Amino acid sequence: MAAAQGRFSDGADGRDSAREESVPLPFRRAVDGLQKARLRPGIEVEPTRAPQRLAPYAYAVEAAVVQDDEDLADGKLILLHDPAGHEAWRSTFRLVTLVRAELEPEMAGDPLLPDVCWSWLTGALEARGLTYGEPSGTVTMASSHYFGGLQERRPATQIEIRASWSPREGVGGVPDTAAHLTAWCELLCQVVGLPPVAPADGGVVSLPQRRGPHHP
């Protein structure tokens, strides 16, 4: 089901701190790129409070894959910026992500699934011609089995993907954050079994706003 088109709302604290005069212009432009990205239907996105200790400047969005009013997967993407550069990043920008989803039984039984999930992320970036450096991450699977009063529930397997990478800085030292956000959303969709959308596919909409908070 296509998500309704909507505006990109203000930050979690009621204001867009990325637009303050004291904020470096490259970071403001990178945030603008996130806010102006065009995504496929079924993705709902809104800003959320960013961690304050990872970098001098940070901006975050959370997203969910929604079908028939049900959240199939959710995640957070954080944009970090250090104007002085960061030795571990080898860049002034870094993207950090967390993706979570409950897997279908046939997917959960695949021993190669962690490798496949990582390839979905790198493949989505490369499909858009995006270059990046210093990638790192983990793919974690956890199974739940229910007993006693909960024994009627079927076993469930959750997957969690944590990753980070340094997007290549383009004109004016600004990475193409819109394309990186689009690629990350493709990862969200593929984790729940939705087919990928080609970068040139016309079936996209402007960033929609999620209808409400998601509680995992």
# chains A, B, ... in the order shown; residues from 1 in each chain; ligands from 1
call {"tool": "select_by_dssp", "arguments": {"residues": "stretch 67-147 of chain A", "states": "helix (DSSP H, G or I)", "output": "PyMOL selection string"}}
result
chain A and resi 105-108+113-127
call {"tool": "residues_around", "arguments": {"residues": "A:Gly193", "least_positions_apart": "2", "cutoff": "10 Å", "atoms": "only C-alpha atoms", "output": "list in words"}}
result
Leu72, Leu103, Glu104, Met107, Leu187, Leu188, Cys189, Gln190, Val191, Pro195 and Pro196 of chain A
call {"tool": "write_last_selection", "arguments": {"atoms": "N, CA, C and O atoms", "output": "mmCIF file, in the first residue's frame"}}
result
data_model
loop_
_atom_site.group_PDB
_atom_site.id
_atom_site.type_symbol
_atom_site.label_atom_id
_atom_site.label_comp_id
_atom_site.auth_asym_id
_atom_site.auth_seq_id
_atom_site.Cartn_x
_atom_site.Cartn_y
_atom_site.Cartn_z
ATOM 1 N N LEU A 72 6.181 -3.287 8.944
ATOM 2 C CA LEU A 72 6.879 -4.537 8.676
ATOM 3 C C LEU A 72 8.343 -4.481 9.094
ATOM 4 O O LEU A 72 8.933 -5.496 9.432
ATOM 5 N N LEU A 103 11.334 -11.690 10.664
ATOM 6 C CA LEU A 103 11.508 -12.434 9.433
ATOM 7 C C LEU A 103 10.441 -13.502 9.248
ATOM 8 O O LEU A 103 9.936 -14.070 10.214
ATOM 9 N N GLU A 104 10.145 -13.772 7.992
ATOM 10 C CA GLU A 104 9.313 -14.914 7.667
ATOM 11 C C GLU A 104 10.110 -16.195 7.937
ATOM 12 O O GLU A 104 11.334 -16.215 7.794
ATOM 13 N N MET A 107 12.738 -17.286 5.445
ATOM 14 C CA MET A 107 13.942 -16.459 5.399
ATOM 15 C C MET A 107 14.830 -16.732 6.607
ATOM 16 O O MET A 107 16.055 -16.776 6.503
ATOM 17 N N LEU A 187 17.071 -1.077 1.542
ATOM 18 C CA LEU A 187 17.449 -2.133 2.478
ATOM 19 C C LEU A 187 16.265 -2.502 3.365
ATOM 20 O O LEU A 187 15.973 -3.681 3.569
ATOM 21 N N LEU A 188 15.573 -1.501 3.909
ATOM 22 C CA LEU A 188 14.396 -1.758 4.738
ATOM 23 C C LEU A 188 13.381 -2.628 4.005
ATOM 24 O O LEU A 188 12.812 -3.567 4.575
ATOM 25 N N CYS A 189 13.147 -2.306 2.739
ATOM 26 C CA CYS A 189 12.147 -3.037 1.957
ATOM 27 C C CYS A 189 12.597 -4.463 1.651
ATOM 28 O O CYS A 189 11.799 -5.402 1.718
ATOM 29 N N GLN A 190 13.860 -4.632 1.318
ATOM 30 C CA GLN A 190 14.340 -5.956 0.961
ATOM 31 C C GLN A 190 14.359 -6.896 2.161
ATOM 32 O O GLN A 190 14.141 -8.104 2.015
ATOM 33 N N VAL A 191 14.594 -6.366 3.351
ATOM 34 C CA VAL A 191 14.598 -7.206 4.538
ATOM 35 C C VAL A 191 13.244 -7.875 4.757
ATOM 36 O O VAL A 191 13.160 -8.996 5.265
ATOM 37 N N PRO A 195 10.425 -6.463 -3.464
ATOM 38 C CA PRO A 195 11.410 -6.407 -4.538
ATOM 39 C C PRO A 195 12.053 -5.039 -4.614
ATOM 40 O O PRO A 195 11.428 -4.019 -4.287
ATOM 41 N N PRO A 196 13.317 -4.973 -5.024
ATOM 42 C CA PRO A 196 13.982 -3.670 -5.145
ATOM 43 C C PRO A 196 13.374 -2.847 -6.261
ATOM 44 O O PRO A 196 12.803 -3.375 -7.219
#
call {"tool": "atom_distance", "arguments": {"atom1": "atom CA of A:Ala73", "atom2": "atom CA of A:Val192"}}
result
6.8 Å
call {"tool": "atom_distance", "arguments": {"atom1": "atom CA of A:Trp165", "atom2": "atom CA of A:Glu44"}}
result
22.9 Å
call {"tool": "residues_around", "arguments": {"residues": "stretch 125-137 of chain A", "least_positions_apart": "6", "cutoff": "8 Å", "atoms": "only C-alpha atoms", "output": "compact mmCIF listing (two decimals) with C-alpha atoms, in the first residue's frame"}}
result
# COMPACT_ATOMS: atom_id res chain seq x y z
CA ALA A 88 38.15 6.67 11.78
CA TRP A 89 35.71 8.04 9.20
CA ARG A 90 38.39 9.37 6.83
CA ILE A 161 21.36 -4.65 11.13
CA ARG A 162 23.76 -2.04 12.47
CA ALA A 163 26.00 -0.34 9.93
CA SER A 164 27.94 2.80 9.23
CA TRP A 165 29.81 4.21 6.25
CA SER A 166 31.39 7.45 5.06
CA PRO A 167 29.56 8.90 2.04
CA ARG A 168 31.78 10.46 -0.60
CA ALA A 179 20.53 9.10 -2.70
CA HIS A 180 21.98 7.50 0.43
CA ALA A 183 19.37 3.32 -0.88
CA TRP A 184 18.92 2.76 2.86
CA ALA A 198 15.45 0.50 -9.85
CA PRO A 199 16.99 3.95 -9.26
